[in-house]
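Written out below as structure tokens is the structure these notes cover.
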Amino acid sequence: MPLVLEKRTERSTAIALVSPLIAIPLTLVTMSIVFALIGKNPIAALSAYFIQPLTDSYSLQEIAVKASPLVLIAVGLSLCYLANAWNIGAEGQLVIGAVAGSWIAVKTQGTDAGAWVLPAMLLCAAIAGALYALIPAICRVRFGASEILTSLMLVYVAELLLDYLVRGPWRDPNGFNFPTTAEFDPVATVPLLIEGTRLHAGVLLTIVIVVAIFVLLGRTIKGFEIRVVGAAPRAARFGGFNANQLVILTFALSGALAGVAGIIEVAGPIGHLQPGISPGYGFTAIIVAFLGRLNPVGILIAGLFLALTFIGGEQAQIAMKIPLDMTKVFQGILLFYVLACDSFILYRIRLMTSQRAAADGIG
Amino acid sequence: MGLVEAIILSVIAASTPLLLAATGELVVERAGVLNLGIEGMMIVGAACGFAGALYTGSTLIGALCGIGAGVALSLIFAAMALGLAVNQVASGLALTILGVGLSGLIGAGFVGERIAIAPRLNIQGLTNIPLIGRILFGQDMFVYVSVALVVATWWFLYRSRAGLILRAIGDNHISAHALGYPVLKIRTLAVLFGGACAGLAGAYLPLAYTPFFIPGMTAGRGWIALALVVFSSWRPARLVIGAYLFGAVTILQLHAQGAGVGVPSQLMSALPYLATVIVLVLISRARTGGSTAPAALGNVFVPDR
């Protein structure tokens, strides 16, 4: 093999900073090829994806609304990934949070319950999301079962539970047999920030949580422990940090945040519980976490960018009949390039001439 | 056809894709690589397999298209995880996300189309033997391929020199490299083999299981295949038992729904996933004495010079 990787003596900070900026143009070039392959004008398609949504205020609001759950989930996931715990099931934790929060909304429907309803829903969703995330975390810590597989299996279980509830016990009797609950009461709905816009209070909450996680990671001992356990497990053991405890903690936090994201979607933009409450936010958030370099501020920017791909995808579907699945292709390719570029933080690539290779005894 | 025979036949049909995909992943993991992209390779294999069969009318060409799609995707994974030494968990996830999108894109035009299902073997005299005839001599080619594949894999891993080298690489890539074995080359071949198996497993679904393609038709089978490899403790013989047990759970769930058992259908549908979690916990717990997983599983390897 003429190309070989060589370990750098120290991490390249320069490449760490510019790597997402290299990954995005590479993705755009690849996507142009894909568009051309399916017979669409690449320039027009890219413009529909990335330029047009930025030109009107409705789309801009929509980007903020879509970015909010992505960022909320991704900052939680980044804690897990930093601690080397692989929570892949955020989608399921989102659904369980939405279900648990909606339980209060459904039970208080039509009663004169007061302003406590929405905070109670948020709390309930956070607890439920955390508990649901604790199942794979405990299975890993206590029994050594792969958290990747268990957290993922629980996504399917959560979706089936949601399906059961909205088709069975919680179905709106006046809903013409559609599988949804009745519209939530105003006290059970996330208020809008500005009347007449799409911006809701959840967007504000997301920013508050990003700041909180930023402080947790950068300014507290727990944050330091999380980073050390992931980056240098041996050093962490010598330091007496309890890796298992951090798996539990980071899973619980990320589950709680996914749960909150779920209830905000249901009690905000959607307004009632129904199947298909998320276009895969829990999975896209994995990309957001990596694209944002597992850093809260980076994640905020990455979340806005991925939200743009969702909105752009919808616009490209309407304007150019590009299938909606193109957005997922785009996101997958982006994640590949981000990871590939990250490789050069730790390694440098070297071209081996055949002579050199022969001298080294390979080739 | 009696009820017992019908149930056994449907269990075999439900188990075959799991067995195919899991056998491929078992070889990949024995070489020390964790490829979480099976679900993605399977779903693209399903879309390409259906496309191939729809345009040519041939199940065989469909199956080959599925295999080709799986290999092509696994090549991307190999370039990432082996060539660029990227974290295997993250690149496997990227492969699944990409695969789900690609299959939707490829399959968008095929929704609603039907094809002829893969022909079943029919040998005069043998297939008509009561009870066992149809089970042993009346299956489609995928079933026989899956069984042959497991036997060949077992033979390769435990009876051939190349298999020994592959296992050595999976257990200790640094020593294997020092002994002069081409670690990255063998791992790449293993990953491509895993891709071919996953692609074939995906193609099985629209070619033999149901005569149509729907987006998301793999429904997590790729992940269950991954769990099966853990269940099998990385041994081919146990993999067969595991795959058929899971096939049976899937069928049990369908039959219980048909028989009108008084539990919500969603609870029954959740059974295979819940069973996977429970099995993972039990297996991992039983192995507290020392893990049987390949020791280098999931670790990146960059040859030192």
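A note on labels: chains of the structure tokens are A, B, ... as shown, every chain counts residues from 1, and ligands are counted from 1 in their shown order.
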Residues of chain B were defined as contacting chain A if any atom lay at most 7 Å from it, counting only C-alpha atoms; please report them as a short mmCIF file (atom, residue, chain, number, x, y, z; two decimals) with N, CA, C and O atoms, in the first residue's frame.
```
data_model
loop_
_atom_site.label_atom_id
_atom_site.label_comp_id
_atom_site.auth_asym_id
_atom_site.auth_seq_id
_atom_site.Cartn_x
_atom_site.Cartn_y
_atom_site.Cartn_z
N MET B 80 -12.75 3.71 5.68
CA MET B 80 -12.81 4.56 6.87
C MET B 80 -12.14 3.91 8.07
O MET B 80 -11.22 4.45 8.66
N LEU B 84 -8.31 4.71 7.23
CA LEU B 84 -8.08 5.97 7.93
C LEU B 84 -8.12 5.81 9.45
O LEU B 84 -8.03 6.79 10.18
N ALA B 85 -8.26 4.56 9.91
CA ALA B 85 -8.24 4.29 11.35
C ALA B 85 -9.27 5.11 12.13
O ALA B 85 -9.01 5.57 13.24
N VAL B 86 -10.45 5.31 11.54
CA VAL B 86 -11.51 6.04 12.21
C VAL B 86 -12.19 5.10 13.21
O VAL B 86 -12.23 3.88 13.00
N SER B 91 -18.01 4.96 12.45
CA SER B 91 -18.13 4.76 11.00
C SER B 91 -19.22 3.75 10.67
O SER B 91 -19.88 3.86 9.63
N ALA B 94 -22.41 5.65 10.68
CA ALA B 94 -22.50 6.48 9.49
C ALA B 94 -22.96 5.63 8.31
O ALA B 94 -23.78 6.05 7.50
N LEU B 95 -22.46 4.40 8.26
CA LEU B 95 -22.83 3.51 7.16
C LEU B 95 -24.32 3.19 7.21
O LEU B 95 -25.00 3.14 6.18
N ILE B 97 -26.73 5.08 8.58
CA ILE B 97 -27.50 6.28 8.22
C ILE B 97 -27.49 6.46 6.70
O ILE B 97 -28.52 6.67 6.07
N LEU B 98 -26.31 6.31 6.11
CA LEU B 98 -26.18 6.45 4.65
C LEU B 98 -27.01 5.39 3.94
O LEU B 98 -27.73 5.68 2.98
N GLY B 101 -30.76 6.05 3.91
CA GLY B 101 -31.08 7.08 2.94
C GLY B 101 -30.98 6.58 1.51
O GLY B 101 -31.90 6.78 0.70
N LEU B 102 -29.89 5.88 1.20
CA LEU B 102 -29.69 5.37 -0.16
C LEU B 102 -30.81 4.43 -0.57
O LEU B 102 -31.31 4.49 -1.69
N GLY B 104 -33.83 4.33 0.45
CA GLY B 104 -35.05 5.10 0.17
C GLY B 104 -34.98 5.75 -1.21
O GLY B 104 -35.95 5.75 -1.97
N LEU B 105 -33.78 6.25 -1.53
CA LEU B 105 -33.58 6.91 -2.81
C LEU B 105 -33.72 5.91 -3.97
O LEU B 105 -34.40 6.16 -4.96
N TRP B 223 -29.49 -5.18 13.26
CA TRP B 223 -29.05 -5.03 14.66
C TRP B 223 -29.24 -6.32 15.41
O TRP B 223 -28.43 -6.69 16.27
N ALA B 227 -26.55 -8.68 17.52
CA ALA B 227 -26.77 -9.26 18.84
C ALA B 227 -26.56 -10.77 18.80
O ALA B 227 -26.05 -11.37 19.76
N GLN B 266 -48.93 -4.55 19.43
CA GLN B 266 -47.64 -3.87 19.53
C GLN B 266 -46.73 -4.55 20.54
O GLN B 266 -45.52 -4.58 20.35
N ALA B 270 -43.08 -6.15 19.76
CA ALA B 270 -41.88 -5.73 20.49
C ALA B 270 -41.07 -6.92 20.99
O ALA B 270 -39.93 -6.76 21.40
N TYR B 273 -37.39 -7.57 19.86
CA TYR B 273 -36.45 -6.57 20.36
C TYR B 273 -36.20 -6.77 21.86
O TYR B 273 -35.07 -6.70 22.32
N VAL B 277 -32.65 -7.80 23.99
CA VAL B 277 -32.08 -7.15 25.18
C VAL B 277 -31.86 -8.19 26.27
O VAL B 277 -30.78 -8.27 26.87
N LEU B 280 -28.98 -10.54 25.45
CA LEU B 280 -27.69 -9.87 25.60
C LEU B 280 -27.27 -9.82 27.07
O LEU B 280 -26.12 -10.08 27.41
N VAL B 281 -28.23 -9.48 27.92
CA VAL B 281 -27.92 -9.38 29.34
C VAL B 281 -27.53 -10.74 29.89
O VAL B 281 -26.51 -10.89 30.57
N SER B 284 -24.10 -11.89 28.47
CA SER B 284 -22.98 -11.12 28.99
C SER B 284 -22.73 -11.45 30.45
O SER B 284 -21.60 -11.51 30.91
N ARG B 285 -23.82 -11.70 31.20
CA ARG B 285 -23.73 -12.02 32.61
C ARG B 285 -23.07 -13.37 32.81
O ARG B 285 -22.23 -13.55 33.68
N VAL B 302 -2.95 0.75 13.55
CA VAL B 302 -2.11 1.50 12.62
C VAL B 302 -0.72 0.88 12.72
O VAL B 302 -0.11 0.91 13.78
#
```
### Message
Excluding Ala289 (chain A) and its own-chain neighbours fewer than 2 positions away, which residues fall within 6 Å of it when counting only C-alpha atoms? Please give them as a list in words.
### Response
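Once the nearby chain positions are removed, what remains is Ala74, Ser78, Ile286, Ile287, Leu291, Gly292, Leu294 and Ile299 of chain A.
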Which of B:Thr188, B:Ser160, B:Asn172, B:Ser103 sits closest to Ile76 (chain B) [using only C-alpha atoms]
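Closest to Ile76 (chain B) of all the choices is B:Thr188.
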Check your understanding: Contacts of region 196-206 of chain B at 6 Å or less, counting only C-alpha atoms, minus same-chain residues fewer than 6 places along, as a ChimeraX atom specification?
Key -> /B:17,20-21,24,41-43,45-46,49-50,63,66-67,70-71,212-213
Take the selection from the previous step and output its residues with N, CA and C atoms, as a CSV table (one decimal), in the first residue's frame.
```csv
chain,number,residue,atom,x,y,z
B,17,PRO,N,-32.5,-14.7,6.8
B,17,PRO,CA,-31.7,-13.4,6.7
B,17,PRO,C,-30.9,-13.1,7.9
B,20,LEU,N,-27.7,-15.3,7.6
B,20,LEU,CA,-26.8,-14.9,6.5
B,20,LEU,C,-26.0,-13.6,7.1
B,21,ALA,N,-26.7,-12.7,7.6
B,21,ALA,CA,-26.1,-11.4,8.0
B,21,ALA,C,-25.1,-11.7,9.2
B,24,GLY,N,-21.7,-13.4,8.3
B,24,GLY,CA,-20.8,-12.4,7.8
B,24,GLY,C,-20.1,-11.6,8.9
B,41,MET,N,-26.2,-1.9,5.2
B,41,MET,CA,-25.8,-2.7,4.1
B,41,MET,C,-27.0,-3.6,3.7
B,42,MET,N,-27.7,-4.1,4.7
B,42,MET,CA,-28.9,-5.0,4.4
B,42,MET,C,-30.0,-4.2,3.6
B,43,ILE,N,-30.3,-3.0,4.1
B,43,ILE,CA,-31.4,-2.3,3.5
B,43,ILE,C,-31.0,-1.9,2.0
B,45,GLY,N,-28.9,-3.6,0.2
B,45,GLY,CA,-29.0,-4.9,-0.5
B,45,GLY,C,-30.4,-5.2,-0.9
B,46,ALA,N,-31.4,-4.9,0.0
B,46,ALA,CA,-32.8,-5.2,-0.3
B,46,ALA,C,-33.2,-4.4,-1.5
B,49,GLY,N,-31.3,-5.5,-4.7
B,49,GLY,CA,-31.7,-6.8,-5.0
B,49,GLY,C,-33.0,-6.8,-5.7
B,50,PHE,N,-33.9,-6.0,-5.2
B,50,PHE,CA,-35.3,-5.9,-5.8
B,50,PHE,C,-35.2,-5.3,-7.2
B,63,ALA,N,-30.1,-11.4,-6.5
B,63,ALA,CA,-29.3,-11.7,-5.3
B,63,ALA,C,-27.9,-11.2,-5.5
B,66,GLY,N,-27.8,-7.5,-4.8
B,66,GLY,CA,-27.8,-7.3,-3.4
B,66,GLY,C,-26.4,-7.5,-2.8
B,67,ILE,N,-25.7,-8.6,-3.2
B,67,ILE,CA,-24.3,-8.8,-2.7
B,67,ILE,C,-23.4,-7.7,-3.2
B,70,GLY,N,-23.9,-4.7,-1.0
B,70,GLY,CA,-23.3,-4.9,0.3
B,70,GLY,C,-21.8,-4.7,0.3
B,71,VAL,N,-21.2,-5.3,-0.7
B,71,VAL,CA,-19.7,-5.2,-0.9
B,71,VAL,C,-19.3,-3.7,-1.1
B,212,PHE,N,-42.4,-7.8,-2.6
B,212,PHE,CA,-42.3,-6.4,-2.9
B,212,PHE,C,-41.3,-5.7,-2.0
B,213,PHE,N,-41.0,-4.5,-2.3
B,213,PHE,CA,-40.0,-3.7,-1.5
B,213,PHE,C,-40.8,-2.6,-0.8
```
| message | For the structure I just gave you, how does DSSP split region 85-331 of chain A - specifically, which residues are alpha helix (DSSP H)? Reply as JSON, numbers by chain. | response | {"A": [90, 91, 92, 93, 94, 95, 96, 97, 98, 99, 100, 101, 102, 103, 104, 105, 106, 107, 117, 118, 119, 120, 121, 122, 123, 124, 125, 126, 127, 128, 129, 130, 131, 132, 133, 134, 135, 136, 137, 138, 139, 140, 141, 142, 143, 147, 148, 149, 150, 151, 152, 153, 154, 155, 156, 157, 158, 159, 160, 161, 162, 163, 164, 165, 166, 167, 201, 202, 203, 204, 205, 206, 207, 208, 209, 210, 211, 212, 213, 214, 215, 216, 217, 218, 219, 221, 222, 223, 224, 225, 226, 227, 228, 229, 230, 231, 233, 234, 235, 236, 237, 238, 243, 244, 245, 246, 247, 248, 249, 250, 251, 252, 253, 254, 255, 256, 257, 258, 259, 260, 261, 262, 263, 264, 265, 281, 282, 283, 284, 285, 286, 287, 288, 289, 290, 291, 296, 297, 298, 299, 300, 301, 302, 303, 304, 305, 306, 307, 308, 309, 310, 311, 312, 313, 314, 315, 316, 317, 318, 319, 320, 326, 327, 328, 329, 330, 331]}
So which residues touch Arg167 (chain A) within 8 Å, counting only C-alpha atoms, skipping near sequence neighbours fewer than 3 positions away, as a PyMOL selection string? chain A and resi 163-164+170-171+178-180
- Item | Selection near Arg114 (chain B), 12 Å with only C-alpha atoms, sequence-local residues under 6 positions removed, as a PyMOL selection string | chain B and resi 50-51+53-55+57+206-208+210-214
**Asked** Pick from B:Ser233, B:Asn299, B:Thr23, B:Thr56: nearest to Ile174 (chain B), with only C-alpha atoms counted?
**Response**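 The answer is B:Asn299, which sits nearest to Ile174 (chain B).
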